[in-house]
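Following: one structure in structure tokens, then a few remarks.
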Amino acid sequence: MTSHTLALRDINVAFGGNKVLDGVNLTFSGGLHGLVGPNGAGKTTCYNVISGYVTPQSGSVTLGDTPLVGVAAHEIGAFGVGRTFQTPKLVPSMTVLENVMLGANRTYTTGHVAEFFGSKRFRAEERRVRELAYLGLQPFGLADSARDKASSVPLAVQKMVEIARAVITDPRVLLLDEPAAGLGASDVDKLVNALQQIIKERNLTTVIIEHDLHLVAKICTNLSVLHYGRIIAEGEPRSVVSDETVIEAYLGRRKG
Amino acid sequence: MSTAEPIADIPRWVSHPRRTRRASLTRLALLAVMLVLPWYLGGYYIYIVSLVLVYTLSTLGMNVMVGWTGQIGLAVAGFFGLGAYATSILHERGFPWIVALLVVGVFSAVIGFVDGYPAVRLFGFFLAIASLAFGDLILRVIIESDGLTGGGGGYPVQLLDFGGLDREIALYYLCLLAIVGFMVFVGRVLDGRLGRTMRAVNNIEIAAPSVGISPPKYKLIAFMTSGSIAAIAGAIFAQLLTYLNPDMFKTSLLITMLVMLIVGGVGSIWGSFAGAIFVVFVQEWLQAFAVYQRIVFGVSLMLCIGLLPGGLASLGDKVRERTSKRRERSVGAEQI
Amino acid sequence: MIQQILSGLEAGSWYSLLAVSIVIVMKATDVPNFAQAQIGMPGSYIAVNLIGQGWPAIPAMLIGLALGYIIGALIERLAIRPLSSLGHFPMLVMTIGLTYALVSFVTITFGSEPRSFPAPWSEGGWLLGDLYIPYSQVITILAGIALALTLTYFFRTTWGVRMRAISENPGVARLLGINSGLVSSLAWGLGAVISTLAMMLHTQATVLADSSADPLILKAFVAAVLGSFTSLSGAFIGGLAIGILENLTGVWIGTGWKEAAALVIVVVYLFVRMPSLVKTIKPREV
């Protein structure tokens with residue numbers, strides 16, 4: 001679906017004198033894409049450009065037909081770009097369910113005033129959101145933890161809750177930032193299964209930033225490798241992984 | 001995305017959450033006590049309790065700003081003074097007091113908007129300075145408009161006419177009404193969608209835009225609400241004191257309000273009450289010695305920040321922690 | 001007009017000195033010290049007392065300054081270092097509490113009647129045509145400049161460099177073996193000395209009372225803001241600018257507004273720095 005296509009064209013980002021992204025071109029369309037590269041290559045910066053936290057010096061970002069550069073971050077989030085963060089950002093004092101409900105914030109048709117006066121329509125919408133959030137937890141097997149406080153659940157759960165929150169925003173594109181980092185093997189499997197199920201159901205374009213090349217090669221249909229702000233390789237996982245320049249980037253130059 | 005059909009296998013508690021009413025008995029009891037207080041206390045003490053209620057209200061206003069959206073807004077003393085003067089002036093000019101109150105409430109929201117619009121994009125500490133200056137500026141405007149406000153010479157407040165009712169008691173019930181009203185308002189906000197949104201702005205500001213929440217928008221709402229609440233509290237304050245002087249709203253008032261906020265407990269509704277009680281108590285007890293008042297306030301501020309960051313409101317939790325730990329320990333001993 | 005500018009420079013020097021000490025403390029220990037002016041009071045009172053008892057002016061002032069350093073270091077050790085992990089707002093509130101504690105201490109120890117500062121240069125001045133330039137004004141302005149130069153030199157010395165390192169990159173600085181405790185102590189002591197000097201200069205132009213510090217502190221903070229809290233020269237120049245603008249406002253607009261000048265300056269300045277508006281997407285296309 002073209003409206004679910006995310007395209008970056010000639011993105012240049014520099015912080016101070018530091019060039020972080022250098023003429024980056026990327027297209028993500030349907031399925032699961034991997035964005036990989038050594039530390040500091042600029043992967044999270046790409047996400048920040050897409051979701052509007054960082055303005056590039058030049059270049060364009062389009063989702064479907066709509067340009068995103070220069071648009072306010074919260075508008076981009078409401079427009080259809082869901083995202084998670086390297087360390088999960090959940091509200092510790094709220095329950096898991098409430099944290100997921102945050103994602104449905106923009107789907108309300110009633111405003112805060114209606115809420116204040118306790119209108120029936122608002123209460124119906126609130127109920128619908130609660131149910132949707134609960135359902136959103138089920139692919140991750142977290143429905144039983146729905147009433148736990150976010151501060152008391154383990155990291156793996158936090159990461160999955162954050163993904164559930166991003167998914168419930170009903171996005172066209174889902175940007176995941178190192179979702180498997182710090183997770184044990186069984187949790188990673190759970191996460192990947194849930195993710196694949198969700199992607200299939202909703203026909204989402206999903207991008208994953210990951211360090212674990214092995215994992216990414218296994219589950220992604222497409223890989224893009226970023227190194228010092230430039231795309232050095234792109235394509236099917238098998239060919240990318242065995243690409244010489246990629247290996248060099250990850251392991252460094254081998255002497256002789 | 002609309003689902004009209006009921007979805008099977010969703011637990012009851014999800015679709016129909018029980019509104020917890022645990023502490024309501026205590027609250028009802030407290031309300032009952034407050035209602036019959038005038039029968040037991042003399043005129044002066046009723047005045048003191050009314051003062052506590054007014055200060056609780058203004059501290060609630062500060063809590064909206066600081067406790068919920070985490071902004072260091074220090075213009076509250078200015079809004080307090082604005083409410084006091086503006087309502088009294090309109091009342092004097094013939095407006096019914098309630099109308100004046102509403103007008104001033106709305107006007108303060110507008111001023112709060114003016115203060116907040118640029119301020120919400122400022123880094124935390126600069127915000128503090130900007131709002132402090134803004135609050136002072138409001139006061140300065142009040143002083144300079146001495147044609148209207150009497151400036152430094154003071155301003156006698158046109159008293160509300162309560163018919164034949166005893167003035168002190170009538171004012172007391174007015175305060176009680178205002179407080180109960182705002183506590184209900186605040187409770188409503190905290191539980192639902194707006195409360196979650198505010199908490200997101202407070203706790204995960206970076207992530208909020210990714211779910212379509214605009215932190216500046218909600219911070220601005222907090223600014224406006226906080227300003228209105230403070231102004232309304234100020235209006236009632238004017239009626240209590242019957243005489244206004246710009247000196248009453250200087251920085252020393254702001255510091256007193258900070259004491260109420262911090263000692264009571266930031267972000268806690270009951271903390272606002274506790275803080276107000278503390279301040280009024282100290283002011284009455286050390287009435288003759290302004291210096292000693294200042295020492296107590298200064299030291300209690302420092303102690304609270306250092307030792308009891310949650311203020312008096314957190315004492316309840318700390319006690320609960322201790323007793324449950326003790327219970328655990330004794331159970332463990334038995335099992336050995 | 002020149003008269004106004006000179007008075008402005010005099011008042012501005014007080015603000016500058018205080019602003020500079022605020023920035024030093026902020027940069028070295030990340031604490032916005034609302035009590036920065038009040039910290040200078042005990043030392044000033046001691047100096048004034050000693051002069052009243054017959055001591056010559058300069059030694060008395062030096063003792064006052066030394067006492068200021070001790071107080072600054074003490075406060076740092078007792079009240080600041082244990083709480084160093086807290087954020088800006090708690091520390092700001094803490095220092096607000098500190099202002100009350102310090103002022104009360106001063107009132108109890110020294111009483112609340114205003115005192116004057118009988119220094120040899122307090123009386124008299126130069127007469128240049130229409131202008132009357134009191135000696136004290138010149139001294140203040142020169143003292144301010146002298147301090148600015150001394151500080152510039154200081155920050156090139158070892159300790160000064162260490163202080164800058166800590167403020168710019170605390171983690172690395174500590175790895176390099178810089179003792180952050182000592183640097184904090186030094187920063188607060190130094191800040192307190194500068195504040196004491198500022199208060200003494202203020203006293204010689206007016207009087208010393210327990211309320212003397214209050215009007216100064218907010219303006220000093222405004223000056224620090226004008227330097228973005230990181231630039232010493234910005235704070236210094238900011239302070240002077242406030243002093244001058246304040247006086248000119250007093251003359252052109254009215255004495256009541258003089259006090260508001262600093263407020264307006266900071267409000268306008270911060271509002272202007274607001275990032276420009278960002279355009280928004282039209283209603284969501286499905």
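Order determines the names: the first chain of the structure tokens is A, the second B, and so forth; residues in each chain are numbered 1 upward, and ligands are numbered 1 upward as they are shown.
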Excluding same-chain residues fewer than 3 positions from region 177-186 of chain A, what lies within 6 Å of it counting only C-alpha atoms, as a list in words?
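Contacts, in chain order: Thr84, Phe85, Gln86, Ala156, Asp189, Ile209 and Glu210 of chain A.
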Residues as selected, N, CA and C atoms, written as a CSV table (one decimal), in the first residue's frame, can you do that?
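Result file follows (part-v8.csv):
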```csv
chain,number,residue,atom,x,y,z
A,84,THR,N,9.0,3.1,19.2
A,84,THR,CA,9.5,2.8,20.5
A,84,THR,C,10.9,3.4,20.7
A,85,PHE,N,11.4,3.3,21.9
A,85,PHE,CA,12.7,3.9,22.2
A,85,PHE,C,13.7,2.9,22.8
A,86,GLN,N,14.9,3.3,22.7
A,86,GLN,CA,16.0,2.4,23.2
A,86,GLN,C,15.8,1.9,24.6
A,156,ALA,N,11.7,-7.0,29.8
A,156,ALA,CA,11.1,-7.6,28.6
A,156,ALA,C,9.7,-7.2,28.5
A,189,ASP,N,11.9,-14.6,21.4
A,189,ASP,CA,11.0,-15.4,20.5
A,189,ASP,C,9.6,-14.9,20.7
A,209,ILE,N,15.5,-1.4,14.3
A,209,ILE,CA,16.9,-1.1,14.5
A,209,ILE,C,17.4,-2.2,15.5
A,210,GLU,N,18.5,-2.9,15.1
A,210,GLU,CA,19.0,-3.9,15.9
A,210,GLU,C,20.5,-4.1,15.8
```
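The part of chain A that reaches within 8 Å of chain C is made up of Gly70, Val71, Ala72, Glu75 and Phe79 of chain A, counting only C-alpha atoms.
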Dump as an mmCIF file, in the first residue's frame, selection limited to N, CA, C and O atoms:
```cif
data_model
loop_
_atom_site.group_PDB
_atom_site.id
_atom_site.type_symbol
_atom_site.label_atom_id
_atom_site.label_comp_id
_atom_site.auth_asym_id
_atom_site.auth_seq_id
_atom_site.Cartn_x
_atom_site.Cartn_y
_atom_site.Cartn_z
ATOM 1 N N GLY A 70 9.640 19.181 9.059
ATOM 2 C CA GLY A 70 9.131 20.466 9.491
ATOM 3 C C GLY A 70 7.792 20.367 10.190
ATOM 4 O O GLY A 70 7.295 21.352 10.729
ATOM 5 N N VAL A 71 7.216 19.172 10.202
ATOM 6 C CA VAL A 71 5.941 19.023 10.899
ATOM 7 C C VAL A 71 6.215 18.733 12.372
ATOM 8 O O VAL A 71 7.183 18.071 12.708
ATOM 9 N N ALA A 72 5.329 19.221 13.238
ATOM 10 C CA ALA A 72 5.521 19.027 14.674
ATOM 11 C C ALA A 72 5.499 17.547 15.030
ATOM 12 O O ALA A 72 4.737 16.768 14.481
ATOM 13 N N GLU A 75 2.269 15.857 15.824
ATOM 14 C CA GLU A 75 1.395 15.664 14.669
ATOM 15 C C GLU A 75 1.825 14.430 13.890
ATOM 16 O O GLU A 75 0.997 13.689 13.381
ATOM 17 N N PHE A 79 -0.269 11.231 13.075
ATOM 18 C CA PHE A 79 -0.542 10.989 11.668
ATOM 19 C C PHE A 79 -0.343 9.530 11.285
ATOM 20 O O PHE A 79 -0.946 9.054 10.333
#
```
Should the cut-off be 6 Å, what would the residue list for chain A against chain B look like, counting only C-alpha atoms, as a PyMOL selection string?
chain A and resi 73-74+77-78+89+91+103+127
So how far away is CA of Cys304 (chain B) from CA of Thr99 (chain C), in Å?
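Computed distance, CA of Thr99 (chain C) to CA of Cys304 (chain B), equals 15.2 Å.
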At a cut-off of 6 Å, which residues of chain B touch chain C? Count only C-alpha atoms and give the answer as a list of chain:residue names.
B:Pro118, B:Ala130, B:Ala133, B:Val291, B:Arg294, B:Ile295, B:Gly298, B:Leu301, B:Met302
Env of Gly181 (chain C): 12 Å cut, atoms = only C-alpha atoms, seq-sep filter 2 positions within chain, self excluded. Answer as an MDAnalysis selection string.
chainID C and resid 28:29 73 76:77 80:82 84 162:163 166 170 173:174 177:179 183:188
Residues at most 7 Å from Val13 (chain A), counting only C-alpha atoms, excluding those fewer than 6 positions away in the same chain, as an MDAnalysis selection string?
chainID A and resid 19:22 56:57
Run DSSP on the backbone and grab whatever in region 11-171 of chain C lands in strand (DSSP E or B); send it over as a ChimeraX atom specification.
/C:115,125-128,131-134
Run DSSP on the backbone and give me the residues of region 29-277 of chain C it puts in helix (DSSP H, G or I), as a PyMOL selection string.
chain C and resi 29+38-52+57-83+88-110+135-154+158-168+170-175+180-205+214-226+232-252+255-272
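Nearest to Leu8 (chain A) of all the residues A:Gly59, A:Gly52, A:Gly42, A:Pro171 is A:Gly59, based on only C-alpha atoms.
Residues in contact with region 231-236 of chain A at 9 Å, where only C-alpha atoms are counted and same-chain residues fewer than 6 positions away are skipped, are listed as Asp22, Gly23, Val24, Asn25, Leu26, Ala217, Cys220, Thr221, Asn222, Leu223, Ser224, Val225, Asp243, Thr245 and Val246 of chain A.
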Dump C-alpha atoms for the selected residues as a PDB file, in the first residue's frame?
```pdb
ATOM      1  CA  ASP A  22      25.158  11.931   4.980  1.00  0.00           C
ATOM      2  CA  GLY A  23      22.869  11.778   1.983  1.00  0.00           C
ATOM      3  CA  VAL A  24      20.763   8.942   3.331  1.00  0.00           C
ATOM      4  CA  ASN A  25      18.211   7.357   1.018  1.00  0.00           C
ATOM      5  CA  LEU A  26      15.854   4.767   2.374  1.00  0.00           C
ATOM      6  CA  ALA A 217      18.748 -11.534   9.110  1.00  0.00           C
ATOM      7  CA  CYS A 220      13.543  -9.292   8.082  1.00  0.00           C
ATOM      8  CA  THR A 221      12.679  -9.247   4.438  1.00  0.00           C
ATOM      9  CA  ASN A 222      15.080  -6.417   3.821  1.00  0.00           C
ATOM     10  CA  LEU A 223      18.205  -4.971   5.430  1.00  0.00           C
ATOM     11  CA  SER A 224      19.785  -1.543   5.209  1.00  0.00           C
ATOM     12  CA  VAL A 225      23.208  -1.021   6.710  1.00  0.00           C
ATOM     13  CA  ASP A 243      28.868  -8.321   1.934  1.00  0.00           C
ATOM     14  CA  THR A 245      32.055  -3.829   3.302  1.00  0.00           C
ATOM     15  CA  VAL A 246      29.464  -4.745   5.900  1.00  0.00           C
TER      16      VAL A 246
END
```
Residues near Ser252 (chain B), anyone? I mean within 12 Å using only C-alpha atoms, not counting same-chain ones fewer than 2 positions away, as a list in words.
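What passes the distance filter is Val76, Ala77, Gly78, Asp136, Pro246, Asp247, Met248, Phe249, Lys250, Leu254, Ile255, Thr256, Met257, Leu258, Val259, Ala290, Gln293, Arg294, Phe297 and Gly298 of chain B; Ile96, Gly97, Thr99, Tyr100, Ser211, Asp214 and Pro215 of chain C.
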